[in-house]
$ cat query.txt   # compact mmCIF, C-alpha atoms and all ligand atoms
# COMPACT_ATOMS: atom_id res chain seq x y z
CA MET A 56 0.00 0.00 0.00
CA SER A 57 1.20 3.51 -0.76
CA THR A 58 1.79 6.15 1.93
CA ASP A 59 -1.24 8.06 0.65
CA GLU A 60 -3.56 5.10 0.90
CA LEU A 61 -2.22 4.11 4.32
CA ARG A 62 -2.66 7.66 5.60
CA LYS A 63 -6.27 7.74 4.41
CA ARG A 64 -7.11 4.42 6.03
CA TYR A 65 -5.22 5.37 9.22
CA GLU A 66 -7.24 8.52 9.55
CA ALA A 67 -10.52 6.60 9.38
CA ALA A 68 -9.46 3.77 11.70
CA PHE A 69 -7.55 5.54 14.48
CA MET A 70 -8.41 8.04 17.18
CA PRO A 71 -7.29 11.52 16.20
CA ASN A 72 -4.80 11.95 19.08
CA TYR A 73 -1.70 11.72 16.85
CA GLY A 74 -3.18 13.44 13.84
CA VAL A 75 -2.11 11.58 10.71
CA PRO A 76 1.68 11.10 10.58
CA PRO A 77 3.29 12.33 7.35
CA LEU A 78 5.03 9.09 6.40
CA ALA A 79 4.34 5.39 6.50
CA LEU A 80 7.61 3.56 7.15
CA ALA A 81 8.00 0.11 5.66
CA ARG A 82 11.49 -1.11 6.59
CA GLY A 83 14.86 -0.09 7.92
CA GLU A 84 18.50 -0.96 7.51
CA GLY A 85 21.19 0.42 9.78
CA CYS A 86 20.60 4.16 10.14
CA HIS A 87 18.28 4.28 7.13
CA VAL A 88 14.55 3.72 6.79
CA PHE A 89 12.39 3.36 3.70
CA ASP A 90 8.84 4.62 3.38
CA ALA A 91 5.92 2.77 1.87
CA ASP A 92 6.70 4.35 -1.52
CA GLY A 93 10.31 3.13 -1.40
CA ARG A 94 11.96 6.49 -0.58
CA GLU A 95 15.04 6.30 1.62
CA TYR A 96 15.77 8.52 4.63
CA LEU A 97 18.64 8.90 7.08
CA ASP A 98 16.92 8.27 10.41
CA LEU A 99 18.06 10.96 12.85
CA ILE A 100 15.22 10.43 15.32
CA ALA A 101 15.31 6.63 15.85
CA GLY A 102 11.66 6.34 16.80
CA ILE A 103 12.12 8.98 19.54
CA ALA A 104 15.52 7.89 20.84
CA VAL A 105 14.49 4.22 20.87
CA SER A 106 16.21 2.35 18.02
CA SER A 107 19.64 2.52 19.63
CA LEU A 108 21.18 -0.10 17.32
CA GLY A 109 19.47 1.28 14.23
CA HIS A 110 17.27 -0.99 12.15
CA GLY A 111 17.68 -4.69 11.45
CA HIS A 112 20.79 -5.00 13.61
CA PRO A 113 21.92 -8.64 13.43
CA ALA A 114 22.39 -8.90 17.22
CA LEU A 115 18.82 -7.74 17.84
CA VAL A 116 17.36 -9.89 15.07
CA GLU A 117 19.13 -12.97 16.41
CA ALA A 118 18.18 -12.34 20.05
CA VAL A 119 14.52 -11.65 19.33
CA SER A 120 14.08 -14.42 16.75
CA SER A 121 15.62 -17.13 18.83
CA GLN A 122 13.80 -16.07 21.99
CA VAL A 123 10.38 -15.83 20.35
CA ALA A 124 10.91 -19.29 18.89
CA MET A 125 11.88 -20.67 22.29
CA LEU A 126 9.44 -18.92 24.64
CA ALA A 127 7.64 -15.62 24.11
CA HIS A 128 5.81 -15.15 27.38
CA THR A 129 5.65 -16.45 30.93
CA SER A 130 3.74 -13.74 32.90
CA ASN A 131 5.00 -13.04 36.39
CA LEU A 132 3.68 -16.39 37.58
CA PHE A 133 6.97 -17.80 36.36
CA LEU A 134 10.45 -16.36 35.97
CA HIS A 135 12.83 -16.77 33.06
CA GLU A 136 16.53 -16.49 32.33
CA PRO A 137 16.56 -13.38 30.08
CA GLU A 138 14.91 -11.21 32.76
CA VAL A 139 17.32 -12.42 35.43
CA LEU A 140 20.33 -11.75 33.19
CA LEU A 141 18.96 -8.33 32.27
CA ALA A 142 18.34 -7.23 35.87
CA GLU A 143 21.85 -8.40 36.76
CA ARG A 144 23.35 -6.51 33.80
CA LEU A 145 21.58 -3.33 34.82
CA ARG A 146 22.85 -3.74 38.38
CA ASP A 147 26.38 -4.27 37.04
CA LEU A 148 26.12 -0.96 35.19
CA LEU A 149 24.91 0.69 38.41
CA ASP A 150 27.74 -0.25 40.80
CA GLY A 151 26.14 -3.60 41.66
CA ASP A 152 23.40 -1.81 43.56
CA GLY A 153 19.66 -1.58 42.93
CA ARG A 154 16.58 -3.76 42.72
CA VAL A 155 14.74 -3.82 39.41
CA PHE A 156 11.11 -3.82 38.22
CA LEU A 157 10.60 -4.35 34.48
CA THR A 158 7.82 -2.63 32.52
CA ASN A 159 6.62 -2.30 28.92
CA SER A 160 7.02 1.45 28.60
CA GLY A 161 8.40 4.63 30.09
CA THR A 162 5.19 5.80 31.68
CA GLU A 163 4.88 2.47 33.50
CA ALA A 164 8.43 2.80 34.83
CA ASN A 165 7.39 6.15 36.30
CA GLU A 166 4.17 4.67 37.70
CA CYS A 167 6.34 2.20 39.57
CA ALA A 168 8.58 5.01 40.85
CA LEU A 169 5.55 7.04 41.90
CA LYS A 170 4.03 4.13 43.80
CA LEU A 171 7.36 3.66 45.59
CA ALA A 172 7.36 7.36 46.44
CA ILE A 173 3.80 7.27 47.73
CA LYS A 174 4.47 4.23 49.90
CA TYR A 175 7.65 5.86 51.21
CA GLY A 176 5.71 9.07 51.89
CA LYS A 177 2.97 7.28 53.80
CA ALA A 178 5.52 5.48 55.94
CA HIS A 179 7.31 8.74 56.82
CA GLY A 180 4.50 11.32 56.95
CA ARG A 181 5.46 12.93 53.65
CA SER A 182 2.49 14.08 51.66
CA TYR A 183 3.52 15.56 48.32
CA VAL A 184 5.74 15.14 45.30
CA VAL A 185 7.75 17.77 43.44
CA ALA A 186 8.39 17.89 39.68
CA ALA A 187 9.57 20.49 37.18
CA GLU A 188 7.63 22.81 34.95
CA ASN A 189 7.83 21.73 31.31
CA GLY A 190 8.97 18.28 32.39
CA PHE A 191 7.59 15.18 30.71
CA HIS A 192 7.02 11.93 32.57
CA GLY A 193 4.37 10.12 30.54
CA ARG A 194 0.70 9.89 29.69
CA SER A 195 -0.80 7.46 32.17
CA MET A 196 -2.61 9.18 35.04
CA GLY A 197 0.12 8.98 37.68
CA ALA A 198 2.95 9.95 35.34
CA LEU A 199 0.73 12.59 33.76
CA SER A 200 0.12 14.17 37.15
CA LEU A 201 3.91 14.76 37.31
CA THR A 202 4.13 16.14 33.80
CA GLY A 203 4.88 19.83 33.93
CA LYS A 204 3.20 20.91 30.74
CA ALA A 205 -0.22 22.20 31.79
CA ALA A 206 -1.69 21.89 28.28
CA ILE A 207 -1.35 18.10 28.29
CA ARG A 208 -1.95 17.59 32.04
CA GLU A 209 -4.80 19.83 33.06
CA PRO A 210 -7.54 18.56 30.72
CA PHE A 211 -7.32 15.22 32.60
CA GLY A 212 -6.99 16.42 36.19
CA PRO A 213 -7.51 16.43 39.07
CA PHE A 214 -5.36 13.42 39.90
CA GLY A 215 -5.78 12.98 43.63
CA LEU A 216 -2.08 13.56 44.21
CA ASP A 217 -0.40 16.65 45.61
CA VAL A 218 2.21 17.51 42.98
CA ARG A 219 4.07 20.83 43.22
CA PHE A 220 5.89 22.24 40.24
CA VAL A 221 9.09 24.26 40.27
CA PRO A 222 10.89 26.04 37.42
CA TYR A 223 13.48 23.65 35.93
CA GLY A 224 17.10 24.55 36.54
CA ASP A 225 16.53 26.73 39.63
CA ALA A 226 18.16 25.13 42.69
CA ASP A 227 16.80 27.81 45.04
CA ALA A 228 13.26 27.01 43.94
CA LEU A 229 13.96 23.36 44.79
CA LYS A 230 15.23 24.31 48.22
CA ALA A 231 12.05 26.24 48.91
CA VAL A 232 9.70 23.35 48.18
CA VAL A 233 11.60 20.09 48.81
CA ASP A 234 11.47 19.75 52.58
CA GLU A 235 10.74 17.19 55.32
CA ASP A 236 7.12 16.85 54.11
CA CYS A 237 8.11 16.05 50.53
CA ALA A 238 8.07 12.37 49.55
CA ALA A 239 9.99 12.63 46.30
CA LEU A 240 11.47 14.88 43.66
CA PHE A 241 11.13 13.74 40.03
CA LEU A 242 13.58 15.28 37.55
CA GLU A 243 14.91 14.63 34.08
CA PRO A 244 18.71 15.18 33.88
CA THR A 245 17.98 17.20 30.70
CA GLN A 246 14.40 17.95 29.73
CA GLY A 247 13.79 15.90 26.60
CA GLU A 248 10.32 16.75 25.36
CA ALA A 249 10.73 20.37 26.38
CA GLY A 250 13.32 20.70 23.62
CA VAL A 251 16.44 18.83 24.88
CA VAL A 252 17.04 21.54 27.47
CA PRO A 253 19.94 20.93 29.87
CA PRO A 254 19.85 22.61 33.29
CA PRO A 255 22.65 24.92 34.48
CA ASP A 256 25.81 23.06 35.57
CA GLY A 257 25.51 21.67 39.07
CA TYR A 258 21.70 21.67 39.20
CA PHE A 259 21.31 17.90 39.27
CA ALA A 260 23.97 17.57 41.98
CA ALA A 261 22.24 20.34 43.97
CA ALA A 262 18.98 18.39 43.71
CA ARG A 263 20.78 15.33 45.08
CA GLU A 264 22.06 17.35 48.03
CA ILE A 265 18.67 18.86 48.79
CA CYS A 266 17.11 15.40 48.83
CA ASP A 267 19.94 14.13 51.06
CA SER A 268 19.42 16.88 53.57
CA THR A 269 15.62 16.59 53.68
CA GLY A 270 15.13 12.85 53.18
CA ALA A 271 12.99 13.22 50.06
CA LEU A 272 13.55 10.51 47.43
CA PHE A 273 15.45 11.69 44.38
CA VAL A 274 13.92 10.11 41.27
CA ALA A 275 15.79 10.52 37.98
CA ASP A 276 13.60 10.06 34.94
CA GLU A 277 16.15 8.77 32.44
CA ILE A 278 13.57 7.26 30.15
CA GLN A 279 15.00 9.26 27.25
CA SER A 280 18.56 9.91 28.43
CA ALA A 281 19.71 6.45 29.55
CA ILE A 282 21.48 3.66 27.67
CA GLY A 283 24.16 5.64 25.91
CA ARG A 284 22.17 8.55 24.53
CA THR A 285 24.50 11.13 26.12
CA GLY A 286 27.68 9.08 25.67
CA ALA A 287 27.37 7.62 29.19
CA TRP A 288 25.24 4.62 30.14
CA PHE A 289 23.16 6.95 32.30
CA ALA A 290 23.06 10.73 32.17
CA PHE A 291 23.34 10.99 35.97
CA GLN A 292 26.87 9.64 35.57
CA ASN A 293 27.75 12.91 33.79
CA GLU A 294 26.42 14.85 36.79
CA ASN A 295 28.03 13.05 39.71
CA ALA A 296 24.63 12.61 41.37
CA LYS A 297 23.17 9.14 41.75
CA PRO A 298 19.41 9.10 42.31
CA ASP A 299 17.52 6.93 44.81
CA ILE A 300 15.25 5.72 42.03
CA LEU A 301 16.01 5.56 38.31
CA THR A 302 13.56 5.04 35.47
CA LEU A 303 14.55 4.10 31.95
CA ALA A 304 12.87 2.74 28.85
CA LYS A 305 13.24 4.18 25.36
CA GLY A 306 16.67 3.01 24.20
CA LEU A 307 16.79 -0.11 26.36
CA GLY A 308 15.06 -2.57 24.04
CA GLY A 309 16.40 -1.22 20.75
CA GLY A 310 12.80 -1.01 19.51
CA MET A 311 11.20 -3.76 21.57
CA PRO A 312 8.95 -2.37 24.31
CA ILE A 313 10.67 -2.54 27.69
CA GLY A 314 11.33 -0.19 30.57
CA ALA A 315 12.74 -0.46 34.05
CA CYS A 316 12.47 1.15 37.43
CA VAL A 317 15.55 0.65 39.62
CA ALA A 318 15.52 1.54 43.31
CA PHE A 319 18.85 1.80 45.13
CA GLY A 320 19.89 0.82 48.63
CA GLN A 321 17.11 0.28 51.15
CA HIS A 322 14.58 1.74 48.67
CA GLY A 323 14.86 -1.48 46.68
CA GLY A 324 12.81 -3.06 49.43
CA ILE A 325 9.92 -0.56 49.62
CA PHE A 326 7.43 -2.79 47.83
CA ALA A 327 6.12 -5.79 49.72
CA LYS A 328 4.87 -8.88 47.93
CA GLY A 329 1.69 -7.98 46.04
CA ASP A 330 2.31 -4.22 45.89
CA HIS A 331 2.89 -4.01 42.14
CA GLY A 332 2.84 -6.08 38.99
CA SER A 333 2.55 -6.35 35.21
CA THR A 334 1.46 -9.23 33.00
CA PHE A 335 3.71 -8.36 30.08
CA GLY A 336 6.46 -6.42 31.87
CA GLY A 337 9.90 -7.90 31.26
CA ASN A 338 8.63 -10.53 28.87
CA PRO A 339 11.34 -12.89 27.56
CA VAL A 340 11.49 -11.42 24.04
CA SER A 341 11.88 -7.82 25.19
CA ALA A 342 14.35 -8.86 27.88
CA ALA A 343 16.42 -10.76 25.30
CA ALA A 344 16.35 -7.69 23.06
CA ALA A 345 17.55 -5.46 25.90
CA LEU A 346 20.39 -7.86 26.69
CA ALA A 347 21.44 -7.76 23.03
CA VAL A 348 21.37 -3.95 23.11
CA LEU A 349 23.54 -3.74 26.23
CA THR A 350 25.99 -6.34 24.92
CA THR A 351 26.29 -4.64 21.54
CA ILE A 352 26.78 -1.17 23.00
CA GLU A 353 29.62 -2.53 25.08
CA ARG A 354 31.19 -4.74 22.41
CA ASP A 355 31.08 -2.09 19.68
CA GLY A 356 32.13 0.87 21.81
CA LEU A 357 28.88 2.72 21.14
CA LEU A 358 29.14 4.98 24.20
CA ALA A 359 32.35 6.43 22.78
CA ASN A 360 30.74 6.55 19.35
CA ALA A 361 27.75 8.50 20.69
CA ALA A 362 30.08 10.97 22.40
CA ALA A 363 32.37 11.44 19.38
CA VAL A 364 29.75 11.49 16.62
CA GLY A 365 27.61 13.69 18.87
CA GLU A 366 30.46 16.23 18.88
CA THR A 367 30.73 16.03 15.08
CA LEU A 368 27.00 16.61 14.78
CA ALA A 369 26.90 19.49 17.25
CA GLY A 370 30.07 21.07 15.81
CA GLY A 371 28.64 20.89 12.31
CA LEU A 372 25.39 22.51 13.40
CA ALA A 373 27.11 25.17 15.49
CA ALA A 374 29.20 26.18 12.47
CA ILE A 375 26.09 27.00 10.42
CA ASP A 376 25.31 30.68 10.23
CA HIS A 377 21.67 30.98 9.22
CA PRO A 378 18.91 33.41 10.21
CA LEU A 379 16.63 30.51 11.25
CA LEU A 380 19.15 28.73 13.50
CA ALA A 381 19.74 30.09 17.02
CA GLY A 382 22.01 27.37 18.43
CA VAL A 383 22.50 23.76 19.41
CA ARG A 384 22.30 22.17 22.85
CA GLY A 385 22.43 18.75 24.48
CA ARG A 386 25.02 16.04 24.73
CA GLY A 387 26.13 12.95 22.81
CA LEU A 388 23.63 11.84 20.20
CA TRP A 389 20.83 13.79 21.88
CA ARG A 390 20.67 17.31 20.52
CA GLY A 391 18.21 20.12 20.33
CA ALA A 392 18.54 22.69 17.58
CA ALA A 393 17.04 25.97 18.71
CA LEU A 394 15.40 28.05 16.00
CA THR A 395 14.84 31.78 15.95
CA GLY A 396 11.07 31.43 15.55
CA PRO A 397 8.28 28.88 15.23
CA HIS A 398 9.86 27.24 12.17
CA ALA A 399 10.32 23.70 13.46
CA PRO A 400 7.42 22.05 11.56
CA ALA A 401 8.60 23.62 8.29
CA VAL A 402 12.20 22.56 8.93
CA GLU A 403 11.11 19.04 9.79
CA ALA A 404 9.17 18.85 6.50
CA ALA A 405 12.03 20.31 4.47
CA ALA A 406 14.45 17.84 6.06
CA ARG A 407 12.11 15.01 5.13
CA ASP A 408 11.97 16.25 1.55
CA ALA A 409 15.77 16.21 1.57
CA GLY A 410 15.87 12.64 2.92
CA PHE A 411 16.47 13.22 6.65
CA LEU A 412 14.12 12.38 9.53
CA ILE A 413 14.29 14.81 12.43
CA ASN A 414 11.60 15.88 14.89
CA ALA A 415 9.91 19.24 15.45
CA LEU A 416 9.49 18.87 19.16
CA GLN A 417 8.62 22.44 20.02
CA PRO A 418 7.53 25.19 17.65
CA ASP A 419 11.07 26.57 17.86
CA ALA A 420 13.13 23.45 18.60
CA LEU A 421 14.14 20.35 16.67
CA ARG A 422 15.26 17.09 18.18
CA ILE A 423 18.05 14.99 16.72
CA ALA A 424 18.38 11.60 18.42
CA PRO A 425 19.79 9.14 15.91
CA PRO A 426 20.76 5.49 16.45
CA LEU A 427 23.94 5.15 18.54
CA ILE A 428 25.60 3.50 15.52
CA LEU A 429 25.49 6.73 13.48
CA THR A 430 28.82 7.35 11.74
CA ALA A 431 30.64 10.68 11.56
CA ALA A 432 30.15 10.61 7.78
CA GLN A 433 26.39 10.24 8.23
CA ALA A 434 26.32 13.09 10.74
CA THR A 435 28.28 15.26 8.33
CA SER A 436 25.98 14.41 5.44
CA PHE A 437 23.19 15.94 7.49
CA THR A 438 25.02 19.03 8.69
CA ALA A 439 26.19 19.67 5.10
CA ALA A 440 22.60 19.48 3.87
CA PHE A 441 21.11 21.49 6.73
CA PRO A 442 21.70 25.05 5.44
CA ALA A 443 19.72 24.26 2.28
CA ILE A 444 17.02 22.62 4.41
CA LEU A 445 16.78 25.79 6.50
CA ASP A 446 16.58 27.84 3.30
CA ALA A 447 13.75 25.70 2.01
CA ALA A 448 11.92 26.14 5.32
CA SER A 449 12.40 29.89 5.47
CA PRO A 450 9.12 31.82 5.57
CA ALA A 451 9.84 33.59 2.29
CA GLY A 452 11.09 30.38 0.68
CA PRO A 453 14.61 29.69 -0.59
CA ALA A 454 14.99 33.31 -1.70
CA CYS A 455 15.39 34.22 1.95
CA ALA A 456 18.94 32.92 2.03
CA PRO A 457 21.28 35.33 0.30
CA ASP A 458 23.45 32.67 -1.36
CA ALA A 459 20.52 30.76 -2.80
CA ARG A 460 18.59 33.79 -3.94
CA PRO A 461 17.56 33.38 -7.57
CA GLY A 462 16.25 36.93 -7.89
CA LYS A 463 14.92 39.73 -5.74
CA GLU A 464 11.24 39.27 -6.50
CA ASN A 465 10.57 36.99 -3.52
CA GLN A 466 11.94 39.34 -0.90
CA PRO A 467 9.47 40.49 1.74
C1 LIG B 501 9.14 9.19 26.56
C2 LIG B 501 9.25 9.59 27.97
C3 LIG B 501 8.36 9.12 28.93
C4 LIG B 501 7.19 8.24 28.59
O1 LIG B 501 7.56 7.04 28.00
P1 LIG B 501 6.48 6.16 27.18
O2 LIG B 501 7.22 4.92 26.82
O3 LIG B 501 6.04 6.97 26.00
O4 LIG B 501 5.37 5.89 28.11
C5 LIG B 501 8.57 9.51 30.24
N1 LIG B 501 9.59 10.31 30.59
C6 LIG B 501 10.47 10.78 29.69
C7 LIG B 501 11.60 11.64 30.14
C8 LIG B 501 10.32 10.45 28.34
O5 LIG B 501 11.17 10.95 27.44

$ encode --input "query.txt" --output "structure tokens" --more "lines below"
Ligand SMILES: *Cc1c(COP(=O)(O)O)cnc(C)c1O
Amino acid sequence: MSTDELRKRYEAAFMPNYGVPPLALARGEGCHVFDADGREYLDLIAGIAVSSLGHGHPALVEAVSSQVAMLAHTSNLFLHEPEVLLAERLRDLLDGDGRVFLTNSGTEANECALKLAIKYGKAHGRSYVVAAENGFHGRSMGALSLTGKAAIREPFGPFGLDVRFVPYGDADALKAVVDEDCAALFLEPTQGEAGVVPPPDGYFAAAREICDSTGALFVADEIQSAIGRTGAWFAFQNENAKPDILTLAKGLGGGMPIGACVAFGQHGGIFAKGDHGSTFGGNPVSAAAALAVLTTIERDGLLANAAAVGETLAGGLAAIDHPLLAGVRGRGLWRGAALTGPHAPAVEAAARDAGFLINALQPDALRIAPPLILTAAQATSFTAAFPAILDAASPAGPACAPDARPGKENQP
């Protein structure tokens, strides 16, 4: 079926919450994907920072195929080897500490963290939770109650939870609200959905200290930032501030749905038997996929690759002098390109026309979060093409850019 036909049928069959996506993707290979009409694109968004090994990676194909043939599902009535190996691998990456709960998604990892925080709060007379304005923690009701963007939260409230929001990046604001009555502080190390916005240096470590001095749990939502995205396994490792509870998901399964909530030290024992559960969470196929992702990242040096190619990408973008481009931020293969106005949808579309998939994540910010296997040459192919993409997206059309101006007639 063609993209056009699929889009028409999608529109009739699905709820309108996503609108109708512009492309139907049919297959992928490495860092490239092909749409239903056979057009090829360099995938610089990786299904929202998920496809860490790119598409069709042999290690992932082998792990998933052999596991699904052997045993696809057990439920939590029975345990299985891939989940045990995965939890142990995660602990190894986290100084041997931590107890793990496996989920199917990011929002479920945060639901687990929130239930831990609520139980901790009830045990210690702590009645509210703190999160950051513009933060994103998911769409299910608990995680949504923590999500700092009023436009997506408020239509579904109230939530029956006392959540207090503080401006992101302001340590004094944290100090004022995280006290002995606060059960937990939820923070992203860099705000992903807000536009890949890092906080000022030292903010995350200050949050750790404030939680230490007040006894509030420090929950790091690393659903987008973990598993190599920033060039470290976990972004908190860049900040010298280990949380009490860590949530991760997106990049962990390389495209298979899996997330995790890890609670450190005594907090690993907050749940009693029966307190939480999931039928599908940590199923053998997703767990095998996650193991393959972790093994491949290690074997192929993909943390170093993300750091190095991320610098190439950011350097290439920073060197572009264009009236639409305000700057580049972020770390590793997780970058936000700030625009000078609400041009992101037009730039996303122009990039697509030029064969590159990027994501307009705010009206004035683009997200670039490619597979961790991206090569420097691939990054450079994009940064070389980007000035012309920006020209094509300019409000007055290509004539806006002096070098590409065919004549004066299109000038405003
Ligand atoms: C994507 C994301 C979530 C939600 O994950 P889902 O798998 O979509 O439920 C939560 N927190 C952060 C920081 C995210 O980036």

$ atom_distance --input "query.txt" --atom1 "atom CA of Ala271 of chain A" --atom2 "atom CA of Glu248 of chain A"
25.1 Å

$ atom_distance --input "query.txt" --atom1 "atom CA of Gln417 of chain A" --atom2 "atom CA of Pro400 of chain A"
8.6 Å

$ closest_atom_pairs --input "query.txt" --of "chain A" --to "ligand LIG 501 (chain B)" --cutoff "9 Å" --atoms "all atoms listed in the file" --output "tab-separated table"
residue	atom	partner	partner_atom	distance
A:Ile103	CA	B:LIG501	C1	7.6
A:Ala104	CA	B:LIG501	O5	8.5
A:Asn159	CA	B:LIG501	O2	7.5
A:Ser160	CA	B:LIG501	O2	3.9
A:Gly161	CA	B:LIG501	O1	3.3
A:Thr162	CA	B:LIG501	O4	3.6
A:Glu163	CA	B:LIG501	O4	6.4
A:Ala164	CA	B:LIG501	O4	8.0
A:Asn165	CA	B:LIG501	C5	7.0
A:Gly190	CA	B:LIG501	C7	7.5
A:Phe191	CA	B:LIG501	N1	5.3
A:His192	CA	B:LIG501	N1	3.6
A:Gly193	CA	B:LIG501	C4	3.9
A:Arg194	CA	B:LIG501	O4	6.3
A:Ser195	CA	B:LIG501	O4	7.6
A:Ala198	CA	B:LIG501	C5	7.6
A:Thr202	CA	B:LIG501	N1	8.6
A:Leu242	CA	B:LIG501	C7	8.5
A:Glu243	CA	B:LIG501	C7	6.0
A:Pro244	CA	B:LIG501	C7	8.8
A:Thr245	CA	B:LIG501	C7	8.5
A:Gln246	CA	B:LIG501	C7	6.9
A:Gly247	CA	B:LIG501	O5	5.7
A:Glu248	CA	B:LIG501	O5	6.2
A:Ala275	CA	B:LIG501	C7	9.0
A:Asp276	CA	B:LIG501	C7	5.4
A:Glu277	CA	B:LIG501	C7	5.9
A:Ile278	CA	B:LIG501	C6	4.7
A:Gln279	CA	B:LIG501	O5	4.2
A:Ser280	CA	B:LIG501	C7	7.4
A:Thr302	CA	B:LIG501	N1	8.2
A:Leu303	CA	B:LIG501	N1	8.1
A:Ala304	CA	B:LIG501	O2	6.4
A:Lys305	CA	B:LIG501	O2	6.2
A:Pro312	CA	B:LIG501	O2	7.9
A:Ile313	CA	B:LIG501	O2	8.3
A:Gly314	CA	B:LIG501	O2	7.6

$ residues_near_point --input "query.txt" --point "(-0.2, 10.4, -2.5)" --cutoff "12 Å" --atoms "all atoms listed in the file" --output "PyMOL selection string"
chain A and resi 56-63+77-79+91-92

$ residues_around --input "query.txt" --residues "segment 256-264 of chain A" --least-positions-apart "5" --cutoff "7 Å" --atoms "all atoms listed in the file" --output "VMD selection string"
chain A and resid 224 226 244 273 294 to 296 298

$ closest_residue --input "query.txt" --among "A:Ile173, A:Val88, A:Ala327, A:Ile265" --to "Phe411 of chain A" --atoms "only C-alpha atoms"
A:Val88

$ closest_residue --input "query.txt" --among "A:Leu349, A:Val155, A:Ala393, A:Leu358" --to "Gly337 of chain A" --atoms "only C-alpha atoms"
A:Val155

$ closest_residue --input "query.txt" --among "A:Val185, A:Ile325, A:Ala405, A:Ile423" --to "Leu372 of chain A" --atoms "all atoms listed in the file"
A:Ile423

$ closest_residue --input "query.txt" --among "A:Ala118, A:Ala206, A:Leu388, A:Ala228" --to "Ala287 of chain A" --atoms "only C-alpha atoms"
A:Leu388

$ residues_around --input "query.txt" --residues "Thr395 of chain A" --least-positions-apart "2" --cutoff "6 Å" --atoms "all atoms listed in the file" --output "ChimeraX atom specification"
/A:379-381

$ write_last_selection --input "query.txt" --atoms "C-alpha atoms" --output "JSON list (two decimals), in the frame of the given file"
[["chain", "number", "residue", "atom", "x", "y", "z"],
["A", 379, "LEU", "CA", 16.63, 30.51, 11.25],
["A", 380, "LEU", "CA", 19.15, 28.73, 13.50],
["A", 381, "ALA", "CA", 19.74, 30.09, 17.02]]

$ closest_residue --input "query.txt" --among "A:Arg94, A:His110, A:Arg407, A:Arg390" --to "Gly250 of chain A" --atoms "all atoms listed in the file"
A:Arg390

$ axis_aligned_box --input "query.txt" --around "segment 355-368 of chain A" --padding-each-side "8 Å" --output "AutoDock Vina command-line options"
--center_x 29.7 --center_y 7.3 --center_z 19.5 --size_x 21.4 --size_y 34.7 --size_z 25.4

$ atom_distance --input "query.txt" --atom1 "atom CA of Gly410 of chain A" --atom2 "atom CA of His112 of chain A"
21.2 Å

$ residues_around --input "query.txt" --residues "Phe133 of chain A" --least-positions-apart "6" --cutoff "12 Å" --atoms "only C-alpha atoms" --output "list in words"
Val139, Thr334, Phe335, Gly337, Asn338 and Pro339 of chain A

$ residues_around --input "query.txt" --residues "Leu368 of chain A" --least-positions-apart "2" --cutoff "12 Å" --atoms "all atoms listed in the file" --output "MDAnalysis selection string"
chainID A and resid 99 360:366 370:375 383:392 423:425 429:439 441

$ residues_around --input "query.txt" --residues "Leu140 of chain A" --least-positions-apart "5" --cutoff "9 Å" --atoms "all atoms listed in the file" --output "MDAnalysis selection string"
chainID A and resid 145 342:343 346

$ write_last_selection --input "query.txt" --atoms "C-alpha atoms" --output "PDB file, in the coordinates of the input"
ATOM      1  CA  LEU A 145      21.580  -3.330  34.820  1.00  0.00           C
ATOM      2  CA  ALA A 342      14.350  -8.860  27.880  1.00  0.00           C
ATOM      3  CA  ALA A 343      16.420 -10.760  25.300  1.00  0.00           C
ATOM      4  CA  LEU A 346      20.390  -7.860  26.690  1.00  0.00           C
TER       5      LEU A 346
END

$ closest_residue --input "query.txt" --among "A:Ala239, A:Ala369, A:Ala178, A:Leu199" --to "Glu166 of chain A" --atoms "all atoms listed in the file"
A:Leu199

$ residues_near_point --input "query.txt" --point "(14.8, 22.1, 8.4)" --cutoff "6 Å" --atoms "all atoms listed in the file" --output "list in words"
Val402, Glu403, Ala405, Ala406, Ile444, Leu445 and Ala448 of chain A

$ write_last_selection --input "query.txt" --atoms "C-alpha atoms" --output "JSON list (two decimals), in the frame of the given file"
[["chain", "number", "residue", "atom", "x", "y", "z"],
["A", 402, "VAL", "CA", 12.20, 22.56, 8.93],
["A", 403, "GLU", "CA", 11.11, 19.04, 9.79],
["A", 405, "ALA", "CA", 12.03, 20.31, 4.47],
["A", 406, "ALA", "CA", 14.45, 17.84, 6.06],
["A", 444, "ILE", "CA", 17.02, 22.62, 4.41],
["A", 445, "LEU", "CA", 16.78, 25.79, 6.50],
["A", 448, "ALA", "CA", 11.92, 26.14, 5.32]]
